[in-house]
Amino acid sequence: MKKLIYTMAVVMIFIIAFSCKKSDSVVYSDTAVVSAFYVKSYFSNDAKKYTFVIDEENKLIYNPDSFAYGMRVDSLTPVIAPNFTDAVIDGEISLTGSDTVWIDFRTEHVLTVTASDKQTKQSYVVRVNVHKVDPDSFVFVKMNALDFANVTASKSVMTEGGIVCLMNKEGELAVAKSVNNVSWEAVATQIEISADYLDLEHATVCGNEICIMSGLDIFRSTDGLVWERETTTSDFRISHLLFSLGGRLYALGDGHKILRLIGNKWEVATEVDSTFPMRGEAVCIGKSPTGIEVAYVAGGVDADGNYLSSVWSTENGSYWVNLSLRDNSYSKRAYASLIQYASGLIMIGGENADTIVSDNFLYSQDYGINWCKVDTAFKVDTAGMEKIEYVDRYGASLLADEVGNIYIIGGKLGNVILGDAWKGCLNLAIPGFRK
């Protein structure tokens, strides 16, 4: 019993009666289906307060609300319902004896249960999620609000000169810049097209240029003031820009094609499968632990209208890896926001069928494989600023600068366009911050 830590003489019986058979006055289930699950801790009574979800489709048992930061999970006793003729952890530790078994849940385990016929079996992966980030270590303060009157679409990007916010104001492109990353200054801009024809939602930065697509035209600007038009060609209809990787623009085309711009022509980089998002995806460019530039695409909606909880990554736009072949520890969503931060990934916001997701601030230490919910603090501490509370949202711009500050700008709440902006950081990541 390598995983057995403690044994105590305690009998645990937790019975739910439904379609069961009786043997020696103990009722056993006719099916190998777990209907309830919780854990008891050797060190804390708080463990019993956490609700576990039983995902029958993926045969996964987990707690969506992670245990508190620092709570020990190396000595937990699983308690399941109904009663089974046998319940075994990792094929060797029985839970149906007369002793309480304490198990180290710092890693995943496999629970196998057997029905009353002693033949029907089913296995579940059991995962105990724990906050890996100190609570309230992400602290945000409110920046000066943007003027979002009559704004119908917006996108903020980080440039060498600071943050640039692009807005569609009644068909005109309006630009606001924040050089000090606290206050905003309106900028007069020159562009030869109505903002109604600009895909601001997917604006991106390529090298030192801001790029916005309109049909097959790309408008480029280094400062948001003066824009130059570049006309491109493509054999495929382009849905929208995805990102810039290695100094080259990539876009999503019809037929699940990833296109890259070579010269002024869009060429096929690869075709992705039907589970790749067609809209509403969250995108960021980061660096792998080895320093290689990587693009990440998370969530979104596929061609069949299914909301996703996947994370895809690529180093060259041609070869893609789905990092979420199993449950990804975050709820399915579209229009979330994603950045690389503190040697991992941060995801905020998102909606599913017009409902804001509840796990609104997430952190992944392993670049999208596993996610944990993070506690945050939002406050207003600047004199004279309007005290607007932070609200969960989707479609926000999420940015990070070179010294470790995070920015949450704008977004939507139903049909409301939000104009607030927040600046924060993870204090644990500074010094030693690695973007």
# chains A, B, ... in the order shown; residues from 1 in each chain; ligands from 1
$ select_by_dssp --residues "region 2-194 of chain A" --states "strand (DSSP E)" --output "PyMOL selection string"
chain A and resi 4-8+20-23+26-29+36-41+53-55+60-62+76-81+86-89+93-94+100-103+109-114+121-127+138-142+151-159+162-169+172-178+185-187
$ closest_atom_pairs --of "region 347-394 of chain A" --to "region 69-85 of chain A" --cutoff "12 Å" --atoms "only C-alpha atoms" --output "CSV"
residue,atom,partner,partner_atom,distance
A:Cys372,CA,A:Tyr69,CA,10.6
A:Lys373,CA,A:Tyr69,CA,10.5
A:Val374,CA,A:Tyr69,CA,9.4
A:Asp375,CA,A:Tyr69,CA,9.7
$ residues_around --residues "Tyr50 (chain A)" --least-positions-apart "3" --cutoff "9 Å" --atoms "only C-alpha atoms" --output "number ranges by chain"
A: 38-39, 46-47, 63-67
$ write_last_selection --atoms "N, CA and C atoms" --output "CSV table (one decimal), in the first residue's frame"
chain,number,residue,atom,x,y,z
A,38,TYR,N,-17.3,13.1,-1.3
A,38,TYR,CA,-16.7,14.2,-0.6
A,38,TYR,C,-15.4,13.6,0.1
A,39,VAL,N,-14.6,14.4,0.7
A,39,VAL,CA,-13.4,14.0,1.3
A,39,VAL,C,-13.3,14.5,2.7
A,46,ASP,N,-12.5,21.6,7.2
A,46,ASP,CA,-13.0,22.4,6.1
A,46,ASP,C,-13.1,21.6,4.8
A,47,ALA,N,-12.4,20.5,4.7
A,47,ALA,CA,-12.4,19.7,3.5
A,47,ALA,C,-13.8,19.2,3.1
A,63,ASN,N,-13.3,18.9,-7.7
A,63,ASN,CA,-14.0,20.0,-7.0
A,63,ASN,C,-13.8,21.3,-7.8
A,64,PRO,N,-14.8,21.8,-8.4
A,64,PRO,CA,-14.7,23.1,-9.2
A,64,PRO,C,-14.2,24.3,-8.4
A,65,ASP,N,-14.6,24.3,-7.1
A,65,ASP,CA,-14.1,25.4,-6.3
A,65,ASP,C,-12.9,24.8,-5.5
A,66,SER,N,-11.7,25.3,-5.9
A,66,SER,CA,-10.5,24.7,-5.4
A,66,SER,C,-10.3,24.9,-3.9
A,67,PHE,N,-9.7,23.9,-3.3
A,67,PHE,CA,-9.4,24.1,-1.8
A,67,PHE,C,-8.5,25.3,-1.6
$ atom_distance --atom1 "CA of Thr232 (chain A)" --atom2 "CA of Gly300 (chain A)"
26.7 Å
$ residues_around --residues "Val311 (chain A)" --least-positions-apart "3" --cutoff "7 Å" --atoms "only C-alpha atoms" --output "short mmCIF file (atom, residue, chain, number, x, y, z; two decimals) with N, CA and C atoms, in the first residue's frame"
data_model
loop_
_atom_site.label_atom_id
_atom_site.label_comp_id
_atom_site.auth_asym_id
_atom_site.auth_seq_id
_atom_site.Cartn_x
_atom_site.Cartn_y
_atom_site.Cartn_z
N TYR A 296 -1.06 30.71 -28.25
CA TYR A 296 -2.06 29.92 -27.54
C TYR A 296 -3.45 30.37 -27.96
N VAL A 297 -4.35 29.42 -28.19
CA VAL A 297 -5.74 29.70 -28.55
C VAL A 297 -6.62 28.90 -27.59
N ALA A 298 -7.49 29.58 -26.84
CA ALA A 298 -8.27 28.92 -25.80
C ALA A 298 -9.76 29.22 -25.96
N GLY A 299 -10.58 28.22 -25.60
CA GLY A 299 -12.03 28.40 -25.60
C GLY A 299 -12.58 28.70 -26.98
N ASN A 322 -3.16 20.11 -29.15
CA ASN A 322 -4.29 20.33 -28.25
C ASN A 322 -3.84 19.92 -26.85
N LEU A 323 -3.71 20.91 -25.97
CA LEU A 323 -3.21 20.65 -24.62
C LEU A 323 -4.28 20.11 -23.70
N SER A 324 -5.50 20.02 -24.18
CA SER A 324 -6.63 19.68 -23.30
C SER A 324 -7.36 18.44 -23.81
N GLY A 368 -1.56 25.95 -19.76
CA GLY A 368 -2.82 25.56 -20.35
C GLY A 368 -3.25 24.13 -20.15
#
$ closest_residue --among "A:Gln190, A:Ser310, A:Ser29, A:Asn150" --to "Lys121 (chain A)" --atoms "only C-alpha atoms"
A:Ser29
$ closest_residue --among "A:Lys49, A:Trp227, A:Lys142, A:Ser244" --to "Ala377 (chain A)" --atoms "only C-alpha atoms"
A:Lys142
$ residues_around --residues "Asp401 (chain A)" --least-positions-apart "3" --cutoff "9 Å" --atoms "only C-alpha atoms" --output "list in words"
Met158, Gly162, Gly404, Asn405, Ile406, Tyr407 and Lys435 of chain A
$ write_last_selection --atoms "all heavy atoms" --output "short mmCIF file (atom, residue, chain, number, x, y, z; two decimals), in the first residue's frame"
data_model
loop_
_atom_site.label_atom_id
_atom_site.label_comp_id
_atom_site.auth_asym_id
_atom_site.auth_seq_id
_atom_site.Cartn_x
_atom_site.Cartn_y
_atom_site.Cartn_z
N MET A 158 -1.00 46.44 -26.63
CA MET A 158 0.20 46.96 -26.01
C MET A 158 1.25 47.21 -27.09
O MET A 158 1.59 46.31 -27.86
CB MET A 158 0.74 45.97 -24.97
CG MET A 158 1.97 46.46 -24.22
SD MET A 158 1.63 47.85 -23.11
CE MET A 158 0.72 47.01 -21.80
N GLY A 162 3.27 52.27 -25.28
CA GLY A 162 2.24 52.18 -24.26
C GLY A 162 0.99 51.52 -24.79
O GLY A 162 0.99 50.91 -25.86
N GLY A 404 5.64 43.55 -15.30
CA GLY A 404 4.77 42.69 -14.51
C GLY A 404 3.40 43.23 -14.20
O GLY A 404 2.69 42.63 -13.40
N ASN A 405 3.01 44.36 -14.78
CA ASN A 405 1.66 44.88 -14.57
C ASN A 405 0.67 44.21 -15.52
O ASN A 405 0.99 43.97 -16.70
CB ASN A 405 1.62 46.39 -14.77
CG ASN A 405 2.42 47.13 -13.72
OD1 ASN A 405 2.21 46.96 -12.53
ND2 ASN A 405 3.38 47.93 -14.16
N ILE A 406 -0.53 43.95 -15.02
CA ILE A 406 -1.61 43.39 -15.82
C ILE A 406 -2.66 44.48 -16.02
O ILE A 406 -2.91 45.27 -15.11
CB ILE A 406 -2.28 42.20 -15.11
CG1 ILE A 406 -1.23 41.18 -14.68
CG2 ILE A 406 -3.32 41.54 -16.01
CD1 ILE A 406 -1.80 40.11 -13.77
N TYR A 407 -3.28 44.50 -17.20
CA TYR A 407 -4.31 45.49 -17.49
C TYR A 407 -5.56 44.78 -18.01
O TYR A 407 -5.47 43.95 -18.92
CB TYR A 407 -3.82 46.50 -18.52
CG TYR A 407 -2.56 47.21 -18.10
CD1 TYR A 407 -1.31 46.68 -18.42
CD2 TYR A 407 -2.62 48.39 -17.36
CE1 TYR A 407 -0.14 47.32 -18.01
CE2 TYR A 407 -1.46 49.03 -16.94
CZ TYR A 407 -0.22 48.48 -17.27
OH TYR A 407 0.93 49.11 -16.85
N LYS A 435 7.84 37.44 -18.40
CA LYS A 435 6.65 37.56 -19.24
C LYS A 435 6.54 36.37 -20.18
O LYS A 435 7.53 35.88 -20.68
CB LYS A 435 6.72 38.85 -20.04
CG LYS A 435 5.46 39.16 -20.82
CD LYS A 435 5.55 40.49 -21.49
CE LYS A 435 4.30 40.80 -22.29
NZ LYS A 435 4.38 42.07 -23.00
#
$ select_by_dssp --residues "region 172-264 of chain A" --states "helix (DSSP H, G or I)" --output "list in words"
Ala195, Asp196, Tyr197, Leu200, Glu201 and His202 of chain A
$ write_last_selection --atoms "N, CA and C atoms" --output "mmCIF file, in the first residue's frame"
data_model
loop_
_atom_site.group_PDB
_atom_site.id
_atom_site.type_symbol
_atom_site.label_atom_id
_atom_site.label_comp_id
_atom_site.auth_asym_id
_atom_site.auth_seq_id
_atom_site.Cartn_x
_atom_site.Cartn_y
_atom_site.Cartn_z
ATOM 1 N N ALA A 195 -15.031 53.024 -39.524
ATOM 2 C CA ALA A 195 -14.720 52.013 -38.520
ATOM 3 C C ALA A 195 -15.696 50.853 -38.558
ATOM 4 N N ASP A 196 -16.873 51.068 -39.176
ATOM 5 C CA ASP A 196 -17.846 49.982 -39.286
ATOM 6 C C ASP A 196 -17.317 48.830 -40.131
ATOM 7 N N TYR A 197 -16.323 49.105 -40.973
ATOM 8 C CA TYR A 197 -15.766 48.076 -41.851
ATOM 9 C C TYR A 197 -14.453 47.519 -41.309
ATOM 10 N N LEU A 200 -12.196 45.487 -35.489
ATOM 11 C CA LEU A 200 -11.425 45.917 -34.315
ATOM 12 C C LEU A 200 -11.241 44.784 -33.315
ATOM 13 N N GLU A 201 -12.217 43.913 -33.215
ATOM 14 C CA GLU A 201 -12.161 42.831 -32.224
ATOM 15 C C GLU A 201 -10.907 41.985 -32.366
ATOM 16 N N HIS A 202 -10.422 41.840 -33.609
ATOM 17 C CA HIS A 202 -9.264 40.981 -33.856
ATOM 18 C C HIS A 202 -8.010 41.779 -34.222
#
$ closest_residue --among "A:Ala251, A:Ala295, A:Ile103, A:Leu398" --to "Val268 (chain A)" --atoms "only C-alpha atoms"
A:Ala251
$ residues_around --residues "Ile61 (chain A)" --least-positions-apart "4" --cutoff "7 Å" --atoms "only C-alpha atoms" --output "VMD selection string"
chain A and resid 52 to 55 124 to 127
$ closest_atom_pairs --of "region 243-352 of chain A" --to "region 410-427 of chain A" --cutoff "12 Å" --atoms "only C-alpha atoms" --output "CSV"
residue,atom,partner,partner_atom,distance
A:Tyr335,CA,A:Gly411,CA,9.3
A:Ala336,CA,A:Gly411,CA,9.6
A:Ser337,CA,A:Gly411,CA,9.6
A:Tyr341,CA,A:Leu426,CA,9.1
A:Ala342,CA,A:Leu426,CA,8.0
A:Ser343,CA,A:Leu426,CA,11.7
A:Ile346,CA,A:Leu426,CA,11.1
A:Ile348,CA,A:Gly411,CA,10.8
A:Gly349,CA,A:Gly411,CA,9.0
A:Gly350,CA,A:Lys412,CA,9.5
A:Glu351,CA,A:Leu413,CA,9.3
A:Asn352,CA,A:Gly414,CA,11.4
$ atom_distance --atom1 "CA of Ile193 (chain A)" --atom2 "CA of Val179 (chain A)"
26.2 Å
$ residues_around --residues "Ala188 (chain A)" --least-positions-apart "2" --cutoff "10 Å" --atoms "only C-alpha atoms" --output "ChimeraX atom specification"
/A:173-176,185-186,190,224-226
$ atom_distance --atom1 "CA of Cys206 (chain A)" --atom2 "CA of Asp235 (chain A)"
22.7 Å
$ decode --residues "region 268-352 of chain A" --atoms "C-alpha atoms" --output "mmCIF file, in the first residue's frame"
data_model
loop_
_atom_site.group_PDB
_atom_site.id
_atom_site.type_symbol
_atom_site.label_atom_id
_atom_site.label_comp_id
_atom_site.auth_asym_id
_atom_site.auth_seq_id
_atom_site.Cartn_x
_atom_site.Cartn_y
_atom_site.Cartn_z
ATOM 1 C CA VAL A 268 -2.333 27.779 -46.221
ATOM 2 C CA ALA A 269 -0.206 26.984 -43.185
ATOM 3 C CA THR A 270 -2.298 23.973 -42.153
ATOM 4 C CA GLU A 271 -5.809 22.643 -41.662
ATOM 5 C CA VAL A 272 -7.093 22.121 -38.113
ATOM 6 C CA ASP A 273 -9.819 19.692 -37.103
ATOM 7 C CA SER A 274 -13.464 20.444 -36.358
ATOM 8 C CA THR A 275 -12.836 20.947 -32.635
ATOM 9 C CA PHE A 276 -10.804 24.108 -33.298
ATOM 10 C CA PRO A 277 -12.719 27.319 -32.493
ATOM 11 C CA MET A 278 -14.251 29.234 -35.369
ATOM 12 C CA ARG A 279 -15.164 32.325 -33.313
ATOM 13 C CA GLY A 280 -14.889 33.733 -29.810
ATOM 14 C CA GLU A 281 -11.451 32.286 -29.127
ATOM 15 C CA ALA A 282 -8.994 33.825 -26.657
ATOM 16 C CA VAL A 283 -5.520 34.335 -28.126
ATOM 17 C CA CYS A 284 -2.114 35.287 -26.775
ATOM 18 C CA ILE A 285 1.523 35.073 -27.785
ATOM 19 C CA GLY A 286 4.010 33.958 -25.153
ATOM 20 C CA LYS A 287 7.283 32.157 -24.762
ATOM 21 C CA SER A 288 7.749 28.550 -23.778
ATOM 22 C CA PRO A 289 10.053 27.659 -20.859
ATOM 23 C CA THR A 290 12.793 27.182 -23.468
ATOM 24 C CA GLY A 291 12.291 30.738 -24.778
ATOM 25 C CA ILE A 292 10.580 29.790 -28.046
ATOM 26 C CA GLU A 293 7.688 32.031 -29.129
ATOM 27 C CA VAL A 294 4.358 30.198 -28.851
ATOM 28 C CA ALA A 295 0.784 31.102 -29.791
ATOM 29 C CA TYR A 296 -2.056 29.915 -27.538
ATOM 30 C CA VAL A 297 -5.739 29.700 -28.546
ATOM 31 C CA ALA A 298 -8.274 28.919 -25.800
ATOM 32 C CA GLY A 299 -12.030 28.402 -25.601
ATOM 33 C CA GLY A 300 -14.349 29.735 -28.278
ATOM 34 C CA VAL A 301 -17.141 28.163 -30.314
ATOM 35 C CA ASP A 302 -16.647 25.466 -32.954
ATOM 36 C CA ALA A 303 -18.346 25.199 -36.349
ATOM 37 C CA ASP A 304 -21.285 23.285 -34.817
ATOM 38 C CA GLY A 305 -21.928 25.984 -32.217
ATOM 39 C CA ASN A 306 -20.392 24.064 -29.302
ATOM 40 C CA TYR A 307 -18.680 26.074 -26.583
ATOM 41 C CA LEU A 308 -15.137 24.869 -25.903
ATOM 42 C CA SER A 309 -12.747 24.531 -22.979
ATOM 43 C CA SER A 310 -9.691 23.593 -25.007
ATOM 44 C CA VAL A 311 -6.243 25.145 -25.288
ATOM 45 C CA TRP A 312 -4.309 24.848 -28.549
ATOM 46 C CA SER A 313 -0.682 25.875 -29.039
ATOM 47 C CA THR A 314 1.702 26.247 -31.941
ATOM 48 C CA GLU A 315 5.271 27.384 -32.469
ATOM 49 C CA ASN A 316 5.055 27.837 -36.230
ATOM 50 C CA GLY A 317 1.373 28.078 -37.199
ATOM 51 C CA SER A 318 1.582 24.760 -39.064
ATOM 52 C CA TYR A 319 1.793 22.175 -36.294
ATOM 53 C CA TRP A 320 -0.778 22.509 -33.500
ATOM 54 C CA VAL A 321 -1.050 20.676 -30.195
ATOM 55 C CA ASN A 322 -4.288 20.328 -28.248
ATOM 56 C CA LEU A 323 -3.207 20.651 -24.623
ATOM 57 C CA SER A 324 -6.627 19.680 -23.303
ATOM 58 C CA LEU A 325 -7.256 16.114 -24.381
ATOM 59 C CA ARG A 326 -8.876 15.599 -20.982
ATOM 60 C CA ASP A 327 -11.017 17.918 -18.844
ATOM 61 C CA ASN A 328 -9.191 21.217 -18.676
ATOM 62 C CA SER A 329 -10.372 22.427 -15.264
ATOM 63 C CA TYR A 330 -12.201 25.452 -16.626
ATOM 64 C CA SER A 331 -15.742 25.812 -17.847
ATOM 65 C CA LYS A 332 -16.591 26.033 -21.545
ATOM 66 C CA ARG A 333 -16.662 29.618 -22.766
ATOM 67 C CA ALA A 334 -16.280 32.087 -25.590
ATOM 68 C CA TYR A 335 -14.837 35.609 -25.697
ATOM 69 C CA ALA A 336 -12.489 35.097 -22.775
ATOM 70 C CA SER A 337 -9.156 36.961 -22.576
ATOM 71 C CA LEU A 338 -5.734 35.343 -22.324
ATOM 72 C CA ILE A 339 -2.155 36.419 -21.560
ATOM 73 C CA GLN A 340 1.099 34.789 -20.581
ATOM 74 C CA TYR A 341 2.105 35.920 -17.121
ATOM 75 C CA ALA A 342 4.395 34.813 -14.283
ATOM 76 C CA SER A 343 5.659 31.801 -16.247
ATOM 77 C CA GLY A 344 2.120 30.594 -16.955
ATOM 78 C CA LEU A 345 -1.170 31.657 -18.497
ATOM 79 C CA ILE A 346 -3.956 33.848 -17.100
ATOM 80 C CA MET A 347 -7.503 33.676 -18.448
ATOM 81 C CA ILE A 348 -10.286 36.051 -17.450
ATOM 82 C CA GLY A 349 -13.944 36.311 -18.336
ATOM 83 C CA GLY A 350 -16.027 34.641 -20.966
ATOM 84 C CA GLU A 351 -19.635 33.792 -21.640
ATOM 85 C CA ASN A 352 -21.615 30.663 -22.400
#
